[in-house]
Every structure is written in C-alpha cells, then in structure tokens.
Amino acid sequence: METRKYSAGTYFQLVVDRPWTTILLSTLLFLGSAMWLPTLVMDTRSDAFINENDPALVYREKVEEIFGLADPIIIAVVNDSPTGIYNTESLRLVQWLTEEAQKLANVDPERVVSLATEANIVGTDNGMETEDFFEVTPDSAERVSWIKEAIANFPLYQGSLVARDHSTTLIVVEMLDEFEADTTYNEILAITGSAPVGLNDTVHVAGEGAIAGYLSAYIGADAQKLNPLSAVVITIILLVAFFTLRGALAPNLVVLATVGSTFGLMGAFGVPFYVITNGLTVSLIGMAVADSIHVFSQYYTEQAGDPAASQATLVKRAMIAMWLPITLTTVTTAAGFFTLYLTSSMPPIQFFGIFGGLGVILAWFFSVTFLPAVLSLLKPKGSRAFSESTTTGSTDQASRFMLRLGKTVLDHPKSTLAIYAGVALIATLGATKVSIDEIRIDNFQTDEAIYQADTAMNKAMDGVYHLDVLVETTTIEGLHQADHLNRIDRLQRFLESQPGVGGTVSVVDYIKQMHRAVNENRESTYSIPEDSLLISQLFLLYSASADPTDFEEEVDGEYRQALVRAKIDNGSYKKNTPVVRAVEAYLQDEFNTPEITGTLTGRVNVDHYWIKEIGGSHAMSVAVAFLAVMLVVIVLFRSIVAGLITTLPVALAILVIYAWMGFSDVWLGVGTTMFASIAIGLCVDFTIHTVDRLRELVDSETTNVKESMLKLYPSTGRALFFNLAAIALGFGVLITSDVPPLNNFGTLVALAVVVAFLASLTLIPAAVYLTRPSFIFAQSKTEYPSGLTAASVALVGTLSFFNITEANAATQDTATAPLTGKQVMQAVNARNDGEQVTRDLKIVLTDRRGKSRIQQTRGYRRYFGKEKRTVIFYSTPANIRDTGFLTYDYPEVTKDDDQWLYLPALRKIRRISASDRGDYFLGTDFTYEEIKKENKIELADYQLTRVGLENVDGHPCIVIVGEPITAKVSKDLGYSRIVWRIDPNIWMARSSDFWDVNGNHLKTIQTRLIEQIDGIWTALEINAVNHKTKHRSTFSFSNVDYTSEVPEKLFTQSRLRRGL
Amino acid sequence: MPSLTLLTRWILKSSSQLAVGGIALWASNIVNAVEFDAQAQLSLGTAVELSGEVQVGEMNVRPRIDARFTDSVKLTGIALARADLVDKLEPGRPSNASRSSPSKRMTGGDRLELEIRELFLDFELGNSQLRLGKQQVVWGQADGLRILDLVNPLNYREFVLGDFENRRIPLWMLNTELEIGPARLQFLWIPDQTYDDIPNAKATFAFTSPTFRPALRPGEKAQLAQGDKPSRLLQDSDFGLRLSTFTGGWDLTANYLYHYQDQPVLELDRSDVITTINPVYKRTHLIGGSASTAFGNYVLRSELGYSTHRYFSSTAHTNGTTETQELSGVAGIDYSGWTNTFVSGQIFVGAIDQKDGIIRERTTLTLSLLMQQTYLNDSISVELLAIHNIKNDDGLVQFDLGYQMSSSLVIKAGVDIFYGEQTQLFGQFDHRDRFRLMLEWSL
C-alpha cells in the first residue's frame, strides 16, 4: 500500500509539474475518442435486444423470408359514425393512403395490404372468380355496400383487415429495410398528415415498424431534454457543495470529456445507440462527477487547513489523499457494469455494461489527470463552505445534519440495527412480488399518439401482435391434403380459444372461402373439401382468375409450408407466456405427426424467448455483481468480515428496490433489469468510503470510540452526502424521461443509492460500534499514524494561547506568567514536524583553513506511533556513495535507540551503540543525537531553566538553559551546558550554544532559514561551528516534502543495504 | 450492425492497436522519466615490499551508472578497468580459469583488464525486492573473517589484503527478498559457476602453505590436470536462503547455502607413473546464523556456521583428500565509549572432524583487533588491524592512514606485515610485508 501511495505522490508531482502536458494528453484522448461521435448510429429495433444468433430469431427470420413478412407500419383509418368505414370518403381515404404508401422508396408496392389491394372471391357459373374490392372506385353507395357485403362474406378479412364493428380498416405497409424505419415512419406521418380525411375519419399509425421508427426520434428528443437537465442539476449540486465557480465548472469538463469519449468509442467500435443507451448518458454524468466531488472536497479541506500552501501542493495533497478511494470506487462501479456484459445475453445491455464500465474508468482517468492539471493552473482559492468550518469552528448545514445523524445512530446502535432488520423483513415480502414482464409499447408515455393508436387498433381489430405457427408437410403439395388442412383448422380453433387471441389467418381460410364460392356461396359449404383433388382444383381455379401471389403470405409456392397467424391484442410478455406455452404443448401433443409439423414463431414467440432470459440473466448478474464487489472489498481490506459488513448496505439497498418494484407493480424488464448491477457498483462506493474512513478513525487503542466515530459524519459523511446528491439527482433526472423504462431505471437506481447512503452512515457505524470487528479495531496503525498528529495538534493548539502571550511578552519584555523552561522545551518537542518527511540534504564541511567537503544525501523520516524512524542515504561523492544511516528512536526513555550504519566499502551494516549519541555524525559538527532529534531534545536528559528573553536576527526568543541531569548523561551527550534561544512563534531554536564536559564553549548552532512548508515550520539551513576546531558544518535542506507517503520499507536494514 | 464476431475481432484489433500505442507512449514516458546518475572513481596505487621490490603499480577506473526507471525499478552498473604496470599479482594475462563465461574479465595483454563488476536491476513489489544480475551478497556479522560470507568467491591476487569490495567477485544471480511477518526471507539462485581466483605459482601471493597444496609424497612426481569446473546451468547452481529479523534489539539471521566450495579440492590420481592432480570443485551445505545487539557502549556480534562437506588434503588416502565437516564461529565486541574512536575485538574458532592424515589442525583459534580513530571531523582516519592465529602463532598486522583532502580526493597510506612460519596461512607471506600508497578521486 505504501508503494502505491509513494508512487502516487511521485505521479501527482509530475502532473502538477507538467500540467500542460497532462492536459494535452488527456485532451488528445478525448478528441481521439470523440472524433468518432458522428459515426454513432441508432438502433431502436426490438430485435436489437436479441442476440442475432438466437435460434428463435433465426427461425423467425427464415419464416419471414419464406413468406415475405416484415414488421409493418400499420395505418388505421377509423370512422366513428354508425356506418363505420363503409362510406365513400373513408374508402377513398384508404385508397389514397394505399397509393401514397406504395410510392414510398422504402416500401415494396406489392407488400402493401389494404382493402384497396385485396380481392374478393366469388363463385360464378364457371366456378370461381376473384374481383378486387376496389376494382371499381368506391365512389358510389352501391359499390360501398358491395364491398361491405363482400367483407361480411369473407371471414378471413374480418378482424384482420376490417374491424368486426366496421369502425376501423387497416393499411399494412411493409418496409424493405427495417433500419430505415424512422425515415419511413416520418414519411408515412407526413402522408397521413396531408391525407384527405373525411368528417368522421381519424388516421392512426402504429405497428412494430412504427414503434421502431418512432422510438429513435422519441429517444433522441428525450436525450435532448435529459442531458442538459442532468448537467444543470449537477452544476447546481456542485455550486451548493463548494460555492465556487471552479468547483462547478471543472467537474463539468470531466463529465463532458467522459461522455464524449465513451460515446465516441461506441461509435468507433460500431456499437449503436440503443433505446437503453440513453440511460448510460445520464448514468455517466452522475458517476463522472462523483470522483470530482471527492477530489474537490479534499482540495478545499486541504486549502482550509493550510491557506498558505501553494496550489500545486494543495492539488497534490488532495490527489494523494483521494486517489485511492476514487480508484477503489471506480473498480467496484466498473465491476458492476462489466457483470452486465458477462451475464446478459442482450447486446444493448451487454454494451451498456461494457461502455458503462469504460465510461467509469474514463471518468476516473480524467479525474486523476485532467482535473488536477487544470486545478494546479488556477490560483489557490478557498471555498467558503470549507474555510468557515475550519476557521470559525462552525459548520455548514450539511455537516451539522450529518453530525446529528451520527449522534442519533451511535446513541442508539441497537435500535438502528432493529429498524434495519424490520426494513429488511418488509422488503423481503415485497421482493417476492416482483414479476418479469416487458411491453414494448410501454416505451412510450400513454398520451403518445402511437400508444393510443396501438390501443385503439388492438381494441378494434383482432390484434396487431402476431404469434405464428409454421406448418411443414413432408411432400410437395402436402397442403392439398384435406386431413392436413383439417389439422390446421383445429389448430386455428385452439389458437382462437387462447386469451388475447382475436383471430387467426391461414390458407385454410382461403380454401374455405373458395369452397363456398364454388358452391353458390352457401354458408354450409364454408368448409374444407373432403377431397384433396378438389382442393388442388380450387387453387388452380384461383390462380386462373387472380394473382397467384395473393397467398404468398400464407403458403409457399410448393404448397408444402404454411403459416398460421394468430393475432394478439397485447404485447405483454407476462400475458402471452401462458399462450405460448399452451400452443407449444398443443403442437407437441395434438398437432405434430411424422407427415406434418408445426413450429411456433412470430414476434410474440421471439419476444417470449428473449424476455424469458431476463429473469435468469438478471439473477445471475445480481449474484455476480454482488460477489465481484464483495471480493474486491475483501481483497482491499483483507478481511472477510469487512466484505460482509461493507456489502450489507448494498444488499439492503437492492432488497428495498425489489420491494419497491413488488409493491408498486414495476416489472422486471429490459429497462429495470440493469438497475441491480449498476446500483451494486454505485452503492458499494458509499460503504467503501465509510469503512475506509472508520479504519482511519478508530483502532484498538481508541479510548472514546463514539467520539472518534462521530468524526466520520462532518467530513466523509458530508462528501458522501454530496456524492449521493450528484448520483441520486443525476439518475433522478431520468425520472423526468419520457421513456418509461428509463424512468423506472432512474427511480430505482436513485432509490438504491439513497438507501445505500443511509445504510452506510447508519447501519455500518451501528454494526461496527456494536461488534467491534477486528479489521477496523485491531489493525496496525502504521498506515495512518494519526494518533501522534492528533496529539501534537492538540498540544500545539492548547499552547497557541501561550504562544501569542509569549510572543507579546518577548517583544514588550514584560514578565507576565511566563512558561517554565521545561514547558517551553515541551512546546518545542510538540512542534509539528510532520508525520513524515522526504528531503534532500546538502552537507558542507569546512575546516579552519576554509577548505570544504560537500556531500549530498537524501533523507526520510516518519513516525510510527510515537517511534520515530530516520534514514539518510549518501549519494555523492562517489567514495561515500550508498553510505546509509538508520535510526529507530523510541519514545521510552529507558529503551536504547537502535542505530545502524551501512558501510559500502565493507558492504556491511554496522550496529552503532546508542551511547554513541554524543559522537559526531559522519564528520559533521552535529552529534548523532542532534541528527536524530532534529531541533528537539530528550526532556529527561536535562534540568531546564528559563533565563530570560533575547533577540535573534530580530526575532524575540525565550532563552532556556539545559544542564544534563547526571555526569553520565553529560558524558554521553558530550555537553555540560546548552543554551537554546527558542522563538515562541514557531517553537524552534534560532540559535543554541554548547559547552563541553570541561565547561569550555564548544560550539554554536544557528538556524538561518526557516520557512513554512506544507504548513510546517521547517529549518532549511542550519549552521554549526565548533569553536575549538573552527570546523563548521552547514546543512541545507531542499525538496522538503511532508505530504508524499514515506514507505515503511525505507526504514529497514534490507533497504539500507540496497541503497536508494 | 456488424456481426458479433466481427465486432469482437474489431474490438480485439482496435484494443491491441491501442495497447501497442499505449505501450509506446508508456515506453517513451519511461525514457523521459528515467533518472540517470553517473559517477566514477579513479585511483592510483602502489605497494612496495619492505625489501624495496615494487609489488603493485596500478590505476583503477571504476565508472558507475544508476538509472532509476520508476520508484520501484532501477538499474545499477559498475565497471572496473585496471592497469597494473608491475604485473606481479597476476603475472601474465589475468586468468579466467575459475570464471564462468558471462563473468570473464576482458584482458588487454598482461597488464590491462576490464570487468563488469556489477550490473543489476532492482525491482520492488510492495515490501518484496528482487535484484537480478551481477552483484555481491554479503552475509554475516564478522569483520575480515569469513564464516557466512561465502556467497561470492574472492580474488586472492593480494591474498587477504585490500578491500573486500575489490576482492569479492560479483556473481550473476537472482536475489529476492520477501517479507514474512516480522522477518525477511532472502532467496538466492546463483547459476554463475565462478569460483575463487587463485594466483598462479609465479604470483607474489601464490599459495605455498601445505594447507593449499596437494598431499604428495616426498619425491612423488605429479602433473596438474586441467580442472573440471562445474558448468551445468541448473544442476550446478548455488542456492541460498537467509531469514533475518530484528527483534528485541537483536538482529538475527538464519542462513543456509548450498554451494560449491570456491576452492577446488586437489584430488590425486595415482594410477599412472606420474600422479595427476585433479582440481575438483565439491559441494557442501552451509547452515548457520548470526546475532548482534547493542548495549551501552558495546555492540556484540556473533556468527556461527556449519559446513557438511569439507575436503582437505590428506596423506591417509590414495586420492590425497579426505572429507570432513567443519563448525566455526566468531564472536566480536565493538566498543565506542571513546569519542571518535572505534575498537573492535573478535575471536574466531573453527573445528573440523579430525580424520587420519588430514593436513589441517583440528581446531583453529584466531583473534582480531581493530582500532579506528578519526580526527578533524573524520577527515583523517587512523586504523590498526591485527589478526593472530593462536595455534599456529602467525598473523597479520595492518596499519592504515587516510586523509580526505577534499570531497573528491582521498590519500591513503598503509603497512601490511605478516608474521609466522612459512608453512602457515599468514606466515607463508612473511617476506611479502609491504608499504602502500593510494590516491583516490571521486569524479
């Protein structure tokens, strides 16, 4: 973990050092991807949801090919008058519409079916004759009645071409290319708009072709509304969260880059924009902004804590603190999306998964490259939302709200758990009520014309949804056999007995019609002739008088295969499933013989098969997504308990959503099936941030667990709150979508993240508080050595009052209750010198004749609890390169420090005894003790006395005299007396003098250059002069960095041996 | 819409192109991000025997390159070019006989040699480390006396004089360290079959002590056969394991090395009129450990090693050698109670399982004393090292004076004095006592 943080520091340093390069590279990625945007195509076909190799689809396509079928656009002419459509105006309208439709480029004139194209079959003296209904233009009432009469005597057309109540007649327009559906649909709308509509006539356009055609436009319009709305919502949230323009704009750029790149890549890979892809845009907007929110929150927190720090430092610190959590959440969210790809068989959902996951990763990428780079170019500027909370101690509404929530939860942890148990129980009940369904027309709002057209047509006619049976005989002209036709007839009766089936059509209906026609239209002869020869003759007769292709939709040219079409008045999977099953059983048990077989096909059947898979793939994707994120968490926190606790709120959120669906009759369909995987990926983000923070706040040594845990709320809780707001409102925007499945999808995801958010901040803390799991409480705190920081901050805080007093006292030279010598040196020891530091040190050793030796080193220091470890590596000159010095400075006075020196000439590590502390360190004028303590002292070694005030370089300083408490200590240290001049504003000695064991003035150390780096007072140049030898040592520090993670492994003998 | 398989292919193709582009970008980033550091040391040195005979007159150039690719990947390369104008330490063309091909020195005539001293890549993965390449690995806590420090062979051109740094022969190996709880486990795989460089008979420091000679009978005629050095990459590899930890103020290690002894056993083939001396390399297991701690002004260091198969010349066997085991240990105390002074004493004890006719004492007892004193902020250092073998009553005294004139220039002078009988380890070089002078520049 340290390595990663260490490398992260280096990386972000690079980013802030070279912001333009970073911006250029990320912009290139964006442009490189977004340039493919124009190639993105829409595919709103229902079949798009089915894997094109799916057997049901393949079979249907085969059938469509044999019978020349295609998903049609259906125009309905409706007349509400008592006579219905049987009037000259309506019929002329049908003729006009038919002719106009036939002229369309994407329409085969032969494949337009209406009263204007069909023919009546009548008996003549010679046998049979066909006459087009519109052979004579229906201008006269006479002709109109003739047509009405003809239809009344032609059961085949009743309910399929003309409504049984005469109110409606259809013009069925088949397209040549279904991908052009949107164009054709619009052309037909144009035709119907300019049609010579009669007084009582209305014209509707519906049908599968129309749905596919309109859906593209519908979704496009929806997207145009949704996307800006999301952007506005997100921007408002950002403004509320940060009160700054940059906080609102920069994340929007990340969003733009993410969405642009993702869809560009979709275009590049030739993946179309499906109905559900619209949901992806909004999802991406919500998720892309989440990373930015965390980064900005951290940035402003850093800014408020250290207003003097440079922008680059702030950005770097914010990124170092946040990159891990946002990376983790990216991994889990992407995992949620990718499981959609793995577990779904529907291409739109698969691609939703792939590009959703990719988008999340791109959002992360832009958040760790573009965002910090842009940010580093701006001038440092605080956010009022943050600066107020740190400087005045007051907190904003959000923080206060979160804190109140936290108190309530931690005061009543058991009740909290009990409430959740109750919620889970009720939710389980609701979840059992969830059912799978999909109704394609429900993609439209009920007030849409197409929805109403669909409803009207299905009501008036037998139904516009088709369930087909392909009947195959083994011999050519097998369908001339009476017993086969009778079998088909029985099948039709069976089909008609099924719920929702308004009527059926097959070649048998034509046979019957012809049979009656040749028998003087006697009603009793509306039947299948018993003689197969007669049947053959009827077909022959028909072809002699009419177009033999008239039957091509019902029977193939060899009379071997026939299509039986059942018209169903609804497209609901749930309603049609029993029908499909019953027909399948009937075909299996009653119909099929070695000579004749029936196979189920048609839109309803195909839909049945792919929707059936939703249930299975949904369960699978939920399980896989859940396991995937649990596994990620287990690996991250290296604890199975962590995995369970972290995924608990996620499980609860999903359960609540099922309950919501169950109780409010939202079915599990195409739109809703995806919610779970995505919600799992999003929900776990909240729990990860919470658990990660809790691990930082408490451990086994925490005395007041509740107090420590409460710190979660105003900080992480607040950030999560805005994260929630962004995601919930981002997805919530989908609620305003005109596409109901997206609508449901948005509602469900928003609800899920709200539940996960609440559970993360209530259920997890309550559970953690009660169970004290070891992954939070027993962890070694080496990663988060916050204890010492907190202690020193508290100490410095309490001393700050004296700090000011002392400074005043010093300048005014008035003696007002000054601190004692020991208190001053305690304050010096309590001075924050950073949990860790990395720095370069140039050592210049100058002898009495002015000859200098220069050495270059790199040093690291880090606190492990109260133990301080320091390591120094020499890099030049070559003869001492790789020399290294490592110390473990223990807080216990009784415990000797451990020190090692690596000698490259021997390639060996030499233990240095702790009593060497008074020895000079590697030829400098500083002792090992001084190198180790760095401007601090071991309080137990000295008797400390405050002797007055003195000005050093214009700074008023408190003068403290220290005398070693024993002769042994004096000998070990090499001093008999030390005088420090401490600047109470920075609690650092600006100058100190040392006397040797014999009482001679030995040396003077002066701190020349003191600067605040990362908010920490740092001595950048220290000079020591030995008055006896006149040798002097100058230590110049550079590249001082308190923020980059200093890995623990640097402080090992192994590392000492290997060098830097 | 393209078919799914088409799409898959497209995705694969495009992603592979992206990957190639990515790798190229990554590679160029790496080149840009690499931190290079080059240094060199140049030294001029001479050694003159007390008799006045010039022993050494050499110039060494030791360039070093460090390249840091990332925080966890770095490359170190150190080369050595040596020109010894006197050519007495390794008379004639410096020998590569005991070296594996990749570790051979390049020679330019008798007086010039060029060698890649070290060339290794360091990788870090979490708290684990991997060092791959030519390198030195030093085990043990003892100074000057080797018990566990047997991973790398030595060059005996100056016998035991000179820095270990220069005497140790780096080997190509895989050196990995893993963190196991509070301990670190080092694993070494050394496929490099390079052994001690033993000076030839004409060399100044040619071994003459009977300990190093074959156990020939008086008057026995013998000829030295071409040695058969192990050369199989895998089967003849050395392997090492070291478990080390720091606990309760103690540095502890447990060591295991399965290795070829770096000096050949001189087996005799007496089947012919003239006896053939076959130098044969033999394998042994070395099991041992070390411990050290600091208390007060003292540092205690100790080391123990047990070799399962040691071979010594023996008069009792026709092949002139016998196999035995060896146990040795060292204990040392460092004292740093005096300012700028370092005093260290060591006692070294060795014992072998005594066999008939073995030309070696059953036990050895060696004492060493090191005193170092620095003056003028470490710019002047004075060092005295004395090694004395109690049993054989021979030993070595070294006196060194160093002066750091500037950051980059060091002048060193010293005296090496051997004493004892000609038949003994140190005594054999009694007549080689010498005075040294060296100038060393850091560039």
# chains A, B, ... in the order shown; residues from 1 in each chain; ligands from 1
$ residues_around --residues "Ala628 in chain A" --least-positions-apart "5" --cutoff "8 Å" --atoms "only C-alpha atoms" --output "MDAnalysis selection string"
chainID A and resid 332 335:336
$ interface_residues --of "chain A" --to "chain B" --cutoff "6 Å" --atoms "only C-alpha atoms" --output "number ranges by chain"
A: 3, 853-854, 878, 905, 913, 915, 919, 923
$ residues_around --residues "range 45-59 of chain A" --least-positions-apart "4" --cutoff "6 Å" --atoms "only C-alpha atoms" --output "list in words"
Ala212, Met346, Pro347, Pro348 and Val606 of chain A
$ write_last_selection --atoms "C-alpha atoms" --output "compact mmCIF listing (two decimals), in the first residue's frame"
# COMPACT_ATOMS: atom_id res chain seq x y z
CA ALA A 212 -39.09 1.11 -34.02
CA MET A 346 -28.91 -8.97 -24.87
CA PRO A 347 -26.50 -6.86 -26.91
CA PRO A 348 -27.87 -3.48 -25.78
CA VAL A 606 -39.41 -14.40 -30.22
$ residues_around --residues "Thr137 in chain A" --least-positions-apart "6" --cutoff "9 Å" --atoms "only C-alpha atoms" --output "JSON, numbers by chain"
{"A": [91, 92, 95, 143]}
$ write_last_selection --atoms "N, CA and C atoms" --output "PDB file, in the first residue's frame"
ATOM      1  N   LEU A  91     -63.377   5.141 -47.647  1.00  0.00           N
ATOM      2  CA  LEU A  91     -62.781   4.167 -48.556  1.00  0.00           C
ATOM      3  C   LEU A  91     -61.844   4.845 -49.544  1.00  0.00           C
ATOM      4  N   ARG A  92     -62.247   6.049 -49.948  1.00  0.00           N
ATOM      5  CA  ARG A  92     -61.346   6.786 -50.846  1.00  0.00           C
ATOM      6  C   ARG A  92     -60.050   7.142 -50.110  1.00  0.00           C
ATOM      7  N   GLN A  95     -57.890   4.213 -50.160  1.00  0.00           N
ATOM      8  CA  GLN A  95     -57.247   4.073 -51.465  1.00  0.00           C
ATOM      9  C   GLN A  95     -56.108   5.063 -51.616  1.00  0.00           C
ATOM     10  N   ARG A 143     -71.441   0.689 -54.629  1.00  0.00           N
ATOM     11  CA  ARG A 143     -70.155  -0.041 -54.557  1.00  0.00           C
ATOM     12  C   ARG A 143     -69.759  -0.250 -53.095  1.00  0.00           C
TER      13      ARG A 143
END
$ select_by_dssp --residues "range 108-293 of chain B" --states "strand (DSSP E or B)" --output "PyMOL selection string"
chain B and resi 108+112-125+128-135+154-155+168+171-180+183-190+197+222-224+228+238-247+250-260+265-269+275-280+283-293
$ residues_around --residues "range 340-345 of chain A" --least-positions-apart "5" --cutoff "8 Å" --atoms "only C-alpha atoms" --output "list of chain:residue names"
A:Ile50, A:Asn51, A:Gln350, A:Phe351, A:Phe352, A:Gly353, A:Ile354, A:Glu613, A:Ile614, A:Ser617, A:His618, A:Met620, A:Ser621, A:Val624, A:Met674, A:Ser677
$ decode --residues "range 982-1027 of chain A" --atoms "N, CA and C atoms" --output "compact mmCIF listing (two decimals), in the first residue's frame"
# COMPACT_ATOMS: atom_id res chain seq x y z
N ILE A 982 14.71 30.05 21.98
CA ILE A 982 13.53 29.49 21.32
C ILE A 982 12.60 30.61 20.86
N ASP A 983 12.27 30.61 19.57
CA ASP A 983 11.28 31.56 19.05
C ASP A 983 9.90 31.00 19.35
N PRO A 984 9.13 31.68 20.24
CA PRO A 984 7.84 31.10 20.65
C PRO A 984 6.79 31.14 19.54
N ASN A 985 7.09 31.83 18.46
CA ASN A 985 6.12 31.82 17.36
C ASN A 985 6.20 30.55 16.54
N ILE A 986 7.35 29.95 16.59
CA ILE A 986 7.50 28.74 15.78
C ILE A 986 7.99 27.57 16.62
N TRP A 987 8.28 27.82 17.89
CA TRP A 987 8.78 26.80 18.80
C TRP A 987 9.99 26.09 18.23
N MET A 988 10.92 26.90 17.79
CA MET A 988 12.14 26.32 17.26
C MET A 988 13.30 27.18 17.75
N ALA A 989 14.44 26.52 18.03
CA ALA A 989 15.60 27.27 18.47
C ALA A 989 16.19 27.98 17.27
N ARG A 990 16.37 29.29 17.38
CA ARG A 990 17.00 30.01 16.28
C ARG A 990 18.52 30.00 16.44
N SER A 991 18.91 29.76 17.67
CA SER A 991 20.35 29.71 17.92
C SER A 991 20.56 28.94 19.22
N SER A 992 21.66 28.16 19.30
CA SER A 992 21.97 27.48 20.56
C SER A 992 23.48 27.37 20.72
N ASP A 993 23.90 27.35 21.98
CA ASP A 993 25.32 27.24 22.28
C ASP A 993 25.56 26.05 23.18
N PHE A 994 26.75 25.45 23.01
CA PHE A 994 27.05 24.22 23.72
C PHE A 994 28.41 24.34 24.42
N TRP A 995 28.47 23.81 25.62
CA TRP A 995 29.73 23.79 26.37
C TRP A 995 30.13 22.34 26.59
N ASP A 996 31.39 22.04 26.44
CA ASP A 996 31.82 20.64 26.58
C ASP A 996 31.86 20.22 28.05
N VAL A 997 32.22 18.94 28.26
CA VAL A 997 32.16 18.39 29.62
C VAL A 997 33.10 19.13 30.57
N ASN A 998 34.12 19.79 30.01
CA ASN A 998 35.04 20.53 30.87
C ASN A 998 34.61 21.98 31.06
N GLY A 999 33.46 22.32 30.50
CA GLY A 999 32.95 23.66 30.70
C GLY A 999 33.44 24.68 29.69
N ASN A 1000 34.12 24.20 28.60
CA ASN A 1000 34.58 25.13 27.57
C ASN A 1000 33.51 25.31 26.51
N HIS A 1001 33.46 26.54 26.02
CA HIS A 1001 32.48 26.83 24.96
C HIS A 1001 32.83 25.99 23.73
N LEU A 1002 31.97 25.10 23.36
CA LEU A 1002 32.31 24.14 22.32
C LEU A 1002 31.80 24.54 20.94
N LYS A 1003 30.51 24.77 20.87
CA LYS A 1003 30.00 25.09 19.52
C LYS A 1003 28.73 25.91 19.58
N THR A 1004 28.39 26.47 18.41
CA THR A 1004 27.16 27.24 18.26
C THR A 1004 26.41 26.70 17.04
N ILE A 1005 25.11 26.52 17.24
CA ILE A 1005 24.29 26.10 16.10
C ILE A 1005 23.30 27.22 15.81
N GLN A 1006 23.24 27.61 14.55
CA GLN A 1006 22.30 28.66 14.18
C GLN A 1006 21.38 28.17 13.07
N THR A 1007 20.11 28.49 13.26
CA THR A 1007 19.13 28.11 12.25
C THR A 1007 18.85 29.35 11.42
N ARG A 1008 19.31 29.34 10.19
CA ARG A 1008 19.32 30.54 9.40
C ARG A 1008 18.05 30.77 8.60
N LEU A 1009 17.59 29.74 8.03
CA LEU A 1009 16.49 29.90 7.08
C LEU A 1009 15.34 29.02 7.57
N ILE A 1010 14.27 29.67 7.98
CA ILE A 1010 13.13 28.89 8.46
C ILE A 1010 11.93 29.26 7.62
N GLU A 1011 11.32 28.26 7.05
CA GLU A 1011 10.16 28.53 6.20
C GLU A 1011 9.04 27.57 6.56
N GLN A 1012 7.85 27.99 6.19
CA GLN A 1012 6.72 27.11 6.41
C GLN A 1012 6.51 26.30 5.13
N ILE A 1013 6.61 25.00 5.25
CA ILE A 1013 6.40 24.13 4.09
C ILE A 1013 5.27 23.18 4.44
N ASP A 1014 4.30 23.12 3.56
CA ASP A 1014 3.12 22.31 3.81
C ASP A 1014 2.55 22.62 5.20
N GLY A 1015 2.67 23.89 5.61
CA GLY A 1015 2.11 24.29 6.90
C GLY A 1015 2.98 23.95 8.09
N ILE A 1016 4.19 23.44 7.83
CA ILE A 1016 5.06 23.04 8.94
C ILE A 1016 6.31 23.90 8.92
N TRP A 1017 6.63 24.48 10.08
CA TRP A 1017 7.85 25.29 10.16
C TRP A 1017 9.05 24.41 9.97
N THR A 1018 9.87 24.76 9.01
CA THR A 1018 10.97 23.90 8.63
C THR A 1018 12.27 24.69 8.57
N ALA A 1019 13.28 24.16 9.23
CA ALA A 1019 14.60 24.79 9.16
C ALA A 1019 15.26 24.34 7.87
N LEU A 1020 15.57 25.29 7.00
CA LEU A 1020 16.14 24.92 5.71
C LEU A 1020 17.66 25.05 5.69
N GLU A 1021 18.17 25.83 6.61
CA GLU A 1021 19.62 25.91 6.67
C GLU A 1021 20.06 25.97 8.12
N ILE A 1022 20.91 25.05 8.48
CA ILE A 1022 21.40 25.00 9.85
C ILE A 1022 22.92 25.01 9.79
N ASN A 1023 23.48 25.82 10.66
CA ASN A 1023 24.92 26.02 10.61
C ASN A 1023 25.50 25.70 11.99
N ALA A 1024 26.52 24.87 12.03
CA ALA A 1024 27.15 24.56 13.32
C ALA A 1024 28.63 24.92 13.23
N VAL A 1025 29.11 25.63 14.24
CA VAL A 1025 30.53 25.99 14.28
C VAL A 1025 31.13 25.42 15.54
N ASN A 1026 32.22 24.71 15.37
CA ASN A 1026 32.95 24.20 16.52
C ASN A 1026 34.03 25.23 16.86
N HIS A 1027 33.91 25.80 18.06
CA HIS A 1027 34.83 26.90 18.41
C HIS A 1027 36.24 26.41 18.70
